[in-house]
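The structure appears right after this line, and notes come after that.
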Amino acid sequence: PRLPRAPGPRTGLTSPPTSEEASAAEAEAERGSGWSWASGKKAKESGGGGDEKRPIRLLALGDSVAVGCGLKSNEEACAGTFARATERALGKPVAWEVVGKNGANAKQMEEKFVPKIGEWCHARPDIIVLSVGVNNLLEMQRESNFEKDLTSLLRAITDKVDGHSCIVVLGMPPMSMFVALTPLLKLYAGRRAKQFNEVMARVCKTFQQQRSSSGRKKGG
């Protein structure tokens with residue numbers, strides 16, 4: 001049996017605004033200057049203004065790790081944990097969202113979850129934390145097929161956000177320690193997880209090089 005996803009809200013903010021900030025943000029939204037993160041309202045029309053004041057937008061996307069299976073809330077799961085770490089590192093509040101499903105593989109994420117990116121805030125996330133690979137492994141997928149599916153997923157995400165977001169791809173969890181697996185399956189899963197990690201590192205390196213090359217061509 002699969003563990004249930006974390007209960008409670010699938011969106012949150014690391015540093016809730018004061019009443020004064022919320023009022024100012026609500027007025028800003030009414031003027032049509034963009035999405036008001038503090039008040040939680042969408043502006044009448046999209047636009048700039050106050051971008052330096054808005055929270056960083058973080059999206060946790062993917063499988064059971066992304067949706068916090070087995071945990072009490074998304075605050076203590078992937079989204080909340082990364083959001084707090086980002087806030088400490090950058091000194092700005094972080095608005096986070098969770099999109100995903102326990103059991104999802106790379107192809108299902110591309111088909112079902114990528115189209116939902118940006119629906120909550122009507123804006124592109126600044127950071128996307130992607131958890132993928134466990135279910136591809138459990139489905140006995142070959143490394144070559146996983147490489148193709150992961151590459152396709154990253155391209156789809158990049159196209160959806162028009163290259164705006166920083167994509168963080170999580171490594172495989174220590175599957176040799178999964179309590180639900182038999183000793184033989186733990187050994188097998190541990191070895192395959194190492195192979196999948198190598199695939200993910202290779203895909204990410206190639207993908208980053210392609211993006212850097214594309215950026216230089218646009219700039220030059």
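Chains: A, B, ... in order of the structure tokens. Residues: from 1 per chain. Ligands: from 1, in order shown.
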
Identify, on the basis of only C-alpha atoms, every residue whose closest approach to Leu138 in chain A does not exceed 9 Å; exclude the query and any residue fewer than 4 positions from it along the same chain; express the result as a PyMOL selection string. chain A and resi 133-134+189

Taking N, CA and C atoms for each residue, export the selection above as an mmCIF file, in the first residue's frame.
data_model
loop_
_atom_site.group_PDB
_atom_site.id
_atom_site.type_symbol
_atom_site.label_atom_id
_atom_site.label_comp_id
_atom_site.auth_asym_id
_atom_site.auth_seq_id
_atom_site.Cartn_x
_atom_site.Cartn_y
_atom_site.Cartn_z
ATOM 1 N N GLY A 133 12.074 9.765 -10.662
ATOM 2 C CA GLY A 133 12.969 8.625 -10.847
ATOM 3 C C GLY A 133 12.614 7.379 -10.068
ATOM 4 N N VAL A 134 12.074 7.536 -8.864
ATOM 5 C CA VAL A 134 11.782 6.367 -8.031
ATOM 6 C C VAL A 134 10.805 5.428 -8.723
ATOM 7 N N ALA A 189 17.329 -2.535 -5.693
ATOM 8 C CA ALA A 189 16.925 -1.133 -5.800
ATOM 9 C C ALA A 189 18.087 -0.199 -5.500
#

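Proximity of A:Glu143, A:Asp63, A:Glu87, A:Asp149 to Pro173 in chain A, computed with only C-alpha atoms, is greatest for A:Asp63.
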
Per-residue nearest contacts of range 127-174 of chain A to range 111-118 of chain A (9 Å; only C-alpha atoms) as JSON lines:
{"residue": "A:Leu153", "atom": "CA", "partner": "A:Val114", "partner_atom": "CA", "distance": 8.3}
{"residue": "A:Ala156", "atom": "CA", "partner": "A:Val114", "partner_atom": "CA", "distance": 7.1}
{"residue": "A:Ile157", "atom": "CA", "partner": "A:Val114", "partner_atom": "CA", "distance": 6.1}
{"residue": "A:Lys160", "atom": "CA", "partner": "A:Val114", "partner_atom": "CA", "distance": 7.2}
{"residue": "A:Val161", "atom": "CA", "partner": "A:Ile117", "partner_atom": "CA", "distance": 7.9}

Resulting file, chosen residues, N, CA, C and O atoms, as a PDB file, in the first residue's frame:
ATOM      1  N   LEU A 153      11.116  15.598 -20.041  1.00  0.00           N
ATOM      2  CA  LEU A 153      10.446  16.307 -18.946  1.00  0.00           C
ATOM      3  C   LEU A 153      11.103  17.652 -18.677  1.00  0.00           C
ATOM      4  O   LEU A 153      10.418  18.678 -18.525  1.00  0.00           O
ATOM      5  N   ALA A 156      10.214  20.071 -21.381  1.00  0.00           N
ATOM      6  CA  ALA A 156       8.828  20.520 -21.269  1.00  0.00           C
ATOM      7  C   ALA A 156       8.683  21.579 -20.174  1.00  0.00           C
ATOM      8  O   ALA A 156       7.973  22.575 -20.347  1.00  0.00           O
ATOM      9  N   ILE A 157       9.353  21.360 -19.044  1.00  0.00           N
ATOM     10  CA  ILE A 157       9.306  22.338 -17.958  1.00  0.00           C
ATOM     11  C   ILE A 157       9.914  23.661 -18.405  1.00  0.00           C
ATOM     12  O   ILE A 157       9.356  24.741 -18.175  1.00  0.00           O
ATOM     13  N   LYS A 160       7.674  25.493 -20.670  1.00  0.00           N
ATOM     14  CA  LYS A 160       6.505  26.024 -19.957  1.00  0.00           C
ATOM     15  C   LYS A 160       6.829  27.325 -19.241  1.00  0.00           C
ATOM     16  O   LYS A 160       6.010  28.253 -19.210  1.00  0.00           O
ATOM     17  N   VAL A 161       8.011  27.409 -18.666  1.00  0.00           N
ATOM     18  CA  VAL A 161       8.386  28.615 -17.903  1.00  0.00           C
ATOM     19  C   VAL A 161       9.237  29.566 -18.735  1.00  0.00           C
ATOM     20  O   VAL A 161       9.727  30.571 -18.219  1.00  0.00           O
TER      21      VAL A 161
END

Counting only C-alpha atoms, which residues of range 90-197 of chain A sit at most 8 Å from some atom of range 53-57 of chain A, and what is each one's closest atom pair with its distance in Å to one decimal, listed by chain and rising residue number, as CSV?
residue,atom,partner,partner_atom,distance
A:Lys92,CA,A:Pro55,CA,6.2
A:Pro93,CA,A:Pro55,CA,4.9
A:Val94,CA,A:Ile56,CA,4.6
A:Ala95,CA,A:Arg57,CA,5.0
A:Trp96,CA,A:Arg57,CA,6.0
A:Arg124,CA,A:Arg57,CA,7.7
A:Pro125,CA,A:Arg57,CA,4.7
A:Asp126,CA,A:Arg57,CA,5.1
A:Ile127,CA,A:Arg57,CA,6.4

Select from range 87-164 of chain A everything DSSP, run on the backbone, classes as alpha helix (DSSP H), then give the selection as an mmCIF file with all heavy atoms, in the first residue's frame.
data_model
loop_
_atom_site.group_PDB
_atom_site.id
_atom_site.type_symbol
_atom_site.label_atom_id
_atom_site.label_comp_id
_atom_site.auth_asym_id
_atom_site.auth_seq_id
_atom_site.Cartn_x
_atom_site.Cartn_y
_atom_site.Cartn_z
ATOM 1 N N GLU A 87 14.786 30.892 2.019
ATOM 2 C CA GLU A 87 14.594 32.165 2.723
ATOM 3 C C GLU A 87 15.833 32.521 3.545
ATOM 4 O O GLU A 87 16.284 33.677 3.538
ATOM 5 C CB GLU A 87 13.368 32.088 3.636
ATOM 6 C CG GLU A 87 13.091 33.389 4.383
ATOM 7 C CD GLU A 87 11.918 33.264 5.324
ATOM 8 O OE1 GLU A 87 11.867 32.268 6.078
ATOM 9 O OE2 GLU A 87 11.053 34.159 5.314
ATOM 10 N N ARG A 88 16.392 31.536 4.233
ATOM 11 C CA ARG A 88 17.598 31.803 5.027
ATOM 12 C C ARG A 88 18.773 32.200 4.136
ATOM 13 O O ARG A 88 19.567 33.079 4.486
ATOM 14 C CB ARG A 88 17.968 30.563 5.856
ATOM 15 C CG ARG A 88 17.022 30.264 7.002
ATOM 16 C CD ARG A 88 17.637 29.249 7.965
ATOM 17 N NE ARG A 88 17.882 27.972 7.311
ATOM 18 C CZ ARG A 88 17.006 26.963 7.285
ATOM 19 N NH1 ARG A 88 15.825 27.105 7.856
ATOM 20 N NH2 ARG A 88 17.310 25.823 6.686
ATOM 21 N N ALA A 89 18.882 31.555 2.985
ATOM 22 C CA ALA A 89 20.017 31.811 2.096
ATOM 23 C C ALA A 89 19.912 33.154 1.387
ATOM 24 O O ALA A 89 20.925 33.854 1.214
ATOM 25 C CB ALA A 89 20.135 30.688 1.061
ATOM 26 N N LEU A 90 18.706 33.541 0.986
ATOM 27 C CA LEU A 90 18.538 34.733 0.161
ATOM 28 C C LEU A 90 17.938 35.921 0.900
ATOM 29 O O LEU A 90 17.888 37.029 0.360
ATOM 30 C CB LEU A 90 17.676 34.397 -1.066
ATOM 31 C CG LEU A 90 18.230 33.278 -1.971
ATOM 32 C CD1 LEU A 90 17.303 33.056 -3.157
ATOM 33 C CD2 LEU A 90 19.637 33.616 -2.439
ATOM 34 N N ALA A 106 8.263 9.899 -14.769
ATOM 35 C CA ALA A 106 8.664 11.088 -15.516
ATOM 36 C C ALA A 106 7.681 11.448 -16.624
ATOM 37 O O ALA A 106 7.321 12.626 -16.809
ATOM 38 C CB ALA A 106 10.066 10.888 -16.093
ATOM 39 N N LYS A 107 7.243 10.455 -17.386
ATOM 40 C CA LYS A 107 6.324 10.710 -18.493
ATOM 41 C C LYS A 107 4.987 11.234 -17.992
ATOM 42 O O LYS A 107 4.391 12.159 -18.577
ATOM 43 C CB LYS A 107 6.118 9.436 -19.318
ATOM 44 C CG LYS A 107 5.300 9.641 -20.580
ATOM 45 C CD LYS A 107 5.207 8.353 -21.392
ATOM 46 C CE LYS A 107 6.546 7.984 -21.982
ATOM 47 N NZ LYS A 107 6.966 8.948 -23.032
ATOM 48 N N GLN A 108 4.484 10.676 -16.884
ATOM 49 C CA GLN A 108 3.220 11.143 -16.321
ATOM 50 C C GLN A 108 3.335 12.571 -15.810
ATOM 51 O O GLN A 108 2.392 13.360 -15.934
ATOM 52 C CB GLN A 108 2.793 10.201 -15.189
ATOM 53 C CG GLN A 108 2.383 8.824 -15.677
ATOM 54 C CD GLN A 108 2.257 7.811 -14.552
ATOM 55 O OE1 GLN A 108 2.796 7.999 -13.456
ATOM 56 N NE2 GLN A 108 1.555 6.720 -14.809
ATOM 57 N N VAL A 134 12.074 7.536 -8.864
ATOM 58 C CA VAL A 134 11.782 6.367 -8.031
ATOM 59 C C VAL A 134 10.805 5.428 -8.723
ATOM 60 O O VAL A 134 11.018 4.208 -8.782
ATOM 61 C CB VAL A 134 11.227 6.794 -6.652
ATOM 62 C CG1 VAL A 134 10.704 5.572 -5.892
ATOM 63 C CG2 VAL A 134 12.301 7.487 -5.834
ATOM 64 N N ASN A 135 9.742 5.981 -9.282
ATOM 65 C CA ASN A 135 8.726 5.129 -9.897
ATOM 66 C C ASN A 135 9.170 4.579 -11.245
ATOM 67 O O ASN A 135 8.757 3.482 -11.635
ATOM 68 C CB ASN A 135 7.414 5.906 -10.010
ATOM 69 C CG ASN A 135 6.892 6.296 -8.638
ATOM 70 O OD1 ASN A 135 6.562 5.450 -7.823
ATOM 71 N ND2 ASN A 135 6.861 7.591 -8.370
ATOM 72 N N ASN A 136 10.020 5.319 -11.943
ATOM 73 C CA ASN A 136 10.608 4.762 -13.158
ATOM 74 C C ASN A 136 11.437 3.529 -12.818
ATOM 75 O O ASN A 136 11.435 2.531 -13.536
ATOM 76 C CB ASN A 136 11.489 5.811 -13.849
ATOM 77 C CG ASN A 136 10.681 6.980 -14.379
ATOM 78 O OD1 ASN A 136 10.279 7.847 -13.615
ATOM 79 N ND2 ASN A 136 10.443 6.998 -15.669
ATOM 80 N N LEU A 137 12.157 3.603 -11.710
ATOM 81 C CA LEU A 137 12.969 2.472 -11.261
ATOM 82 C C LEU A 137 12.091 1.298 -10.844
ATOM 83 O O LEU A 137 12.344 0.152 -11.238
ATOM 84 C CB LEU A 137 13.868 2.908 -10.104
ATOM 85 C CG LEU A 137 14.911 1.902 -9.598
ATOM 86 C CD1 LEU A 137 16.084 2.643 -8.955
ATOM 87 C CD2 LEU A 137 14.321 0.931 -8.581
ATOM 88 N N LEU A 138 11.056 1.579 -10.061
ATOM 89 C CA LEU A 138 10.173 0.512 -9.585
ATOM 90 C C LEU A 138 9.422 -0.155 -10.735
ATOM 91 O O LEU A 138 8.996 -1.312 -10.622
ATOM 92 C CB LEU A 138 9.193 1.063 -8.556
ATOM 93 C CG LEU A 138 9.812 1.543 -7.236
ATOM 94 C CD1 LEU A 138 8.749 2.146 -6.334
ATOM 95 C CD2 LEU A 138 10.526 0.405 -6.525
ATOM 96 N N GLU A 143 17.739 2.266 -18.064
ATOM 97 C CA GLU A 143 18.377 3.563 -17.880
ATOM 98 C C GLU A 143 18.249 4.421 -19.133
ATOM 99 O O GLU A 143 18.027 5.643 -19.048
ATOM 100 C CB GLU A 143 19.860 3.396 -17.518
ATOM 101 C CG GLU A 143 20.118 2.894 -16.105
ATOM 102 C CD GLU A 143 20.025 1.386 -16.019
ATOM 103 O OE1 GLU A 143 20.007 0.734 -17.089
ATOM 104 O OE2 GLU A 143 19.948 0.844 -14.903
ATOM 105 N N SER A 144 18.369 3.820 -20.299
ATOM 106 C CA SER A 144 18.276 4.586 -21.549
ATOM 107 C C SER A 144 16.902 5.203 -21.734
ATOM 108 O O SER A 144 16.775 6.345 -22.199
ATOM 109 C CB SER A 144 18.611 3.679 -22.743
ATOM 110 O OG SER A 144 17.726 2.565 -22.794
ATOM 111 N N ASN A 145 15.855 4.474 -21.351
ATOM 112 C CA ASN A 145 14.498 5.015 -21.461
ATOM 113 C C ASN A 145 14.246 6.103 -20.429
ATOM 114 O O ASN A 145 13.583 7.109 -20.717
ATOM 115 C CB ASN A 145 13.465 3.899 -21.307
ATOM 116 C CG ASN A 145 13.458 2.944 -22.486
ATOM 117 O OD1 ASN A 145 13.856 3.310 -23.587
ATOM 118 N ND2 ASN A 145 13.007 1.714 -22.262
ATOM 119 N N PHE A 146 14.781 5.894 -19.234
ATOM 120 C CA PHE A 146 14.644 6.921 -18.211
ATOM 121 C C PHE A 146 15.357 8.200 -18.642
ATOM 122 O O PHE A 146 14.860 9.309 -18.425
ATOM 123 C CB PHE A 146 15.211 6.426 -16.874
ATOM 124 C CG PHE A 146 15.218 7.474 -15.801
ATOM 125 C CD1 PHE A 146 14.053 8.121 -15.413
ATOM 126 C CD2 PHE A 146 16.409 7.826 -15.157
ATOM 127 C CE1 PHE A 146 14.064 9.099 -14.418
ATOM 128 C CE2 PHE A 146 16.427 8.794 -14.173
ATOM 129 C CZ PHE A 146 15.257 9.427 -13.801
ATOM 130 N N GLU A 147 16.510 8.047 -19.260
ATOM 131 C CA GLU A 147 17.259 9.214 -19.742
ATOM 132 C C GLU A 147 16.435 10.006 -20.761
ATOM 133 O O GLU A 147 16.382 11.244 -20.716
ATOM 134 C CB GLU A 147 18.579 8.767 -20.353
ATOM 135 C CG GLU A 147 19.472 9.921 -20.790
ATOM 136 C CD GLU A 147 20.883 9.472 -21.108
ATOM 137 O OE1 GLU A 147 21.215 8.299 -20.851
ATOM 138 O OE2 GLU A 147 21.671 10.309 -21.599
ATOM 139 N N LYS A 148 15.778 9.313 -21.673
ATOM 140 C CA LYS A 148 14.935 9.977 -22.665
ATOM 141 C C LYS A 148 13.755 10.678 -22.006
ATOM 142 O O LYS A 148 13.433 11.829 -22.336
ATOM 143 C CB LYS A 148 14.425 8.956 -23.684
ATOM 144 C CG LYS A 148 15.502 8.370 -24.581
ATOM 145 C CD LYS A 148 14.916 7.316 -25.517
ATOM 146 C CE LYS A 148 16.006 6.686 -26.378
ATOM 147 N NZ LYS A 148 15.464 5.610 -27.256
ATOM 148 N N ASP A 149 13.104 9.992 -21.052
ATOM 149 C CA ASP A 149 11.931 10.571 -20.393
ATOM 150 C C ASP A 149 12.311 11.769 -19.531
ATOM 151 O O ASP A 149 11.585 12.774 -19.495
ATOM 152 C CB ASP A 149 11.240 9.513 -19.531
ATOM 153 C CG ASP A 149 10.510 8.468 -20.357
ATOM 154 O OD1 ASP A 149 10.403 8.652 -21.586
ATOM 155 O OD2 ASP A 149 10.052 7.463 -19.774
ATOM 156 N N LEU A 150 13.438 11.687 -18.835
ATOM 157 C CA LEU A 150 13.873 12.797 -17.991
ATOM 158 C C LEU A 150 14.250 14.003 -18.849
ATOM 159 O O LEU A 150 13.905 15.145 -18.516
ATOM 160 C CB LEU A 150 15.060 12.368 -17.131
ATOM 161 C CG LEU A 150 15.662 13.449 -16.223
ATOM 162 C CD1 LEU A 150 14.616 13.990 -15.259
ATOM 163 C CD2 LEU A 150 16.860 12.896 -15.458
ATOM 164 N N THR A 151 14.948 13.757 -19.945
ATOM 165 C CA THR A 151 15.321 14.846 -20.852
ATOM 166 C C THR A 151 14.075 15.527 -21.416
ATOM 167 O O THR A 151 13.994 16.762 -21.467
ATOM 168 C CB THR A 151 16.180 14.306 -22.010
ATOM 169 O OG1 THR A 151 17.369 13.722 -21.483
ATOM 170 C CG2 THR A 151 16.557 15.424 -22.979
ATOM 171 N N SER A 152 13.105 14.730 -21.801
ATOM 172 C CA SER A 152 11.858 15.274 -22.337
ATOM 173 C C SER A 152 11.116 16.089 -21.278
ATOM 174 O O SER A 152 10.567 17.158 -21.565
ATOM 175 C CB SER A 152 10.966 14.134 -22.835
ATOM 176 O OG SER A 152 9.750 14.626 -23.358
ATOM 177 N N LEU A 153 11.116 15.598 -20.041
ATOM 178 C CA LEU A 153 10.446 16.307 -18.946
ATOM 179 C C LEU A 153 11.103 17.652 -18.677
ATOM 180 O O LEU A 153 10.418 18.678 -18.525
ATOM 181 C CB LEU A 153 10.485 15.439 -17.675
ATOM 182 C CG LEU A 153 9.981 16.083 -16.378
ATOM 183 C CD1 LEU A 153 8.524 16.514 -16.518
ATOM 184 C CD2 LEU A 153 10.157 15.120 -15.205
ATOM 185 N N LEU A 154 12.419 17.677 -18.628
ATOM 186 C CA LEU A 154 13.125 18.942 -18.373
ATOM 187 C C LEU A 154 12.887 19.939 -19.499
ATOM 188 O O LEU A 154 12.731 21.145 -19.248
ATOM 189 C CB LEU A 154 14.614 18.672 -18.200
ATOM 190 C CG LEU A 154 15.019 17.946 -16.911
ATOM 191 C CD1 LEU A 154 16.512 17.640 -16.913
ATOM 192 C CD2 LEU A 154 14.661 18.771 -15.685
ATOM 193 N N ARG A 155 12.854 19.466 -20.719
ATOM 194 C CA ARG A 155 12.581 20.361 -21.845
ATOM 195 C C ARG A 155 11.173 20.926 -21.765
ATOM 196 O O ARG A 155 10.947 22.110 -22.038
ATOM 197 C CB ARG A 155 12.772 19.605 -23.163
ATOM 198 C CG ARG A 155 14.229 19.358 -23.533
ATOM 199 C CD ARG A 155 14.336 18.498 -24.774
ATOM 200 N NE ARG A 155 15.731 18.290 -25.169
ATOM 201 C CZ ARG A 155 16.132 17.385 -26.042
ATOM 202 N NH1 ARG A 155 15.237 16.584 -26.612
ATOM 203 N NH2 ARG A 155 17.415 17.270 -26.332
ATOM 204 N N ALA A 156 10.214 20.071 -21.381
ATOM 205 C CA ALA A 156 8.828 20.520 -21.269
ATOM 206 C C ALA A 156 8.683 21.579 -20.174
ATOM 207 O O ALA A 156 7.973 22.575 -20.347
ATOM 208 C CB ALA A 156 7.916 19.328 -20.976
ATOM 209 N N ILE A 157 9.353 21.360 -19.044
ATOM 210 C CA ILE A 157 9.306 22.338 -17.958
ATOM 211 C C ILE A 157 9.914 23.661 -18.405
ATOM 212 O O ILE A 157 9.356 24.741 -18.175
ATOM 213 C CB ILE A 157 10.044 21.809 -16.712
ATOM 214 C CG1 ILE A 157 9.299 20.611 -16.118
ATOM 215 C CG2 ILE A 157 10.188 22.914 -15.660
ATOM 216 C CD1 ILE A 157 10.057 19.920 -14.995
ATOM 217 N N THR A 158 11.072 23.588 -19.045
ATOM 218 C CA THR A 158 11.757 24.795 -19.501
ATOM 219 C C THR A 158 10.909 25.568 -20.503
ATOM 220 O O THR A 158 10.824 26.801 -20.452
ATOM 221 C CB THR A 158 13.116 24.436 -20.134
ATOM 222 O OG1 THR A 158 13.912 23.747 -19.163
ATOM 223 C CG2 THR A 158 13.862 25.686 -20.578
ATOM 224 N N ASP A 159 10.265 24.854 -21.414
ATOM 225 C CA ASP A 159 9.390 25.514 -22.382
ATOM 226 C C ASP A 159 8.199 26.172 -21.686
ATOM 227 O O ASP A 159 7.777 27.276 -22.057
ATOM 228 C CB ASP A 159 8.885 24.505 -23.422
ATOM 229 C CG ASP A 159 9.985 24.036 -24.367
ATOM 230 O OD1 ASP A 159 11.042 24.705 -24.425
ATOM 231 O OD2 ASP A 159 9.792 22.987 -25.021
ATOM 232 N N LYS A 160 7.674 25.493 -20.670
ATOM 233 C CA LYS A 160 6.505 26.024 -19.957
ATOM 234 C C LYS A 160 6.829 27.325 -19.241
ATOM 235 O O LYS A 160 6.010 28.253 -19.210
ATOM 236 C CB LYS A 160 6.015 24.978 -18.957
ATOM 237 C CG LYS A 160 4.816 25.414 -18.113
ATOM 238 C CD LYS A 160 3.569 25.553 -18.947
ATOM 239 C CE LYS A 160 2.357 25.881 -18.064
ATOM 240 N NZ LYS A 160 1.111 26.024 -18.857
ATOM 241 N N VAL A 161 8.011 27.409 -18.666
ATOM 242 C CA VAL A 161 8.386 28.615 -17.903
ATOM 243 C C VAL A 161 9.237 29.566 -18.735
ATOM 244 O O VAL A 161 9.727 30.571 -18.219
ATOM 245 C CB VAL A 161 9.129 28.234 -16.604
ATOM 246 C CG1 VAL A 161 8.258 27.354 -15.731
ATOM 247 C CG2 VAL A 161 10.458 27.540 -16.915
#

Using only C-alpha atoms for the distances, tell me which of A:Leu3, A:Leu187, A:Cys78, A:Ala180 is nearest to Leu61 in chain A.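 When distances to Leu61 in chain A are compared using only C-alpha atoms, the smallest one comes from A:Cys78.
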
Which residues in range 101-163 of chain A does DSSP call strand (DSSP E or B)? List them as an MDAnalysis selection string. chainID A and resid 127:131

By how many Å are CA of Met109 in chain A and CA of Val169 in chain A apart?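 So the answer is 13.5 Å.
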
Report the distance between CA of Ser176 in chain A and CA of Gln195 in chain A in Å, rounded to one decimal place.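 The value is 13.0 Å.
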
Restricting to only C-alpha atoms, whichever of A:Gly68, A:Gly12, A:Ser213, A:Phe196 is closest to Arg142 in chain A is A:Phe196
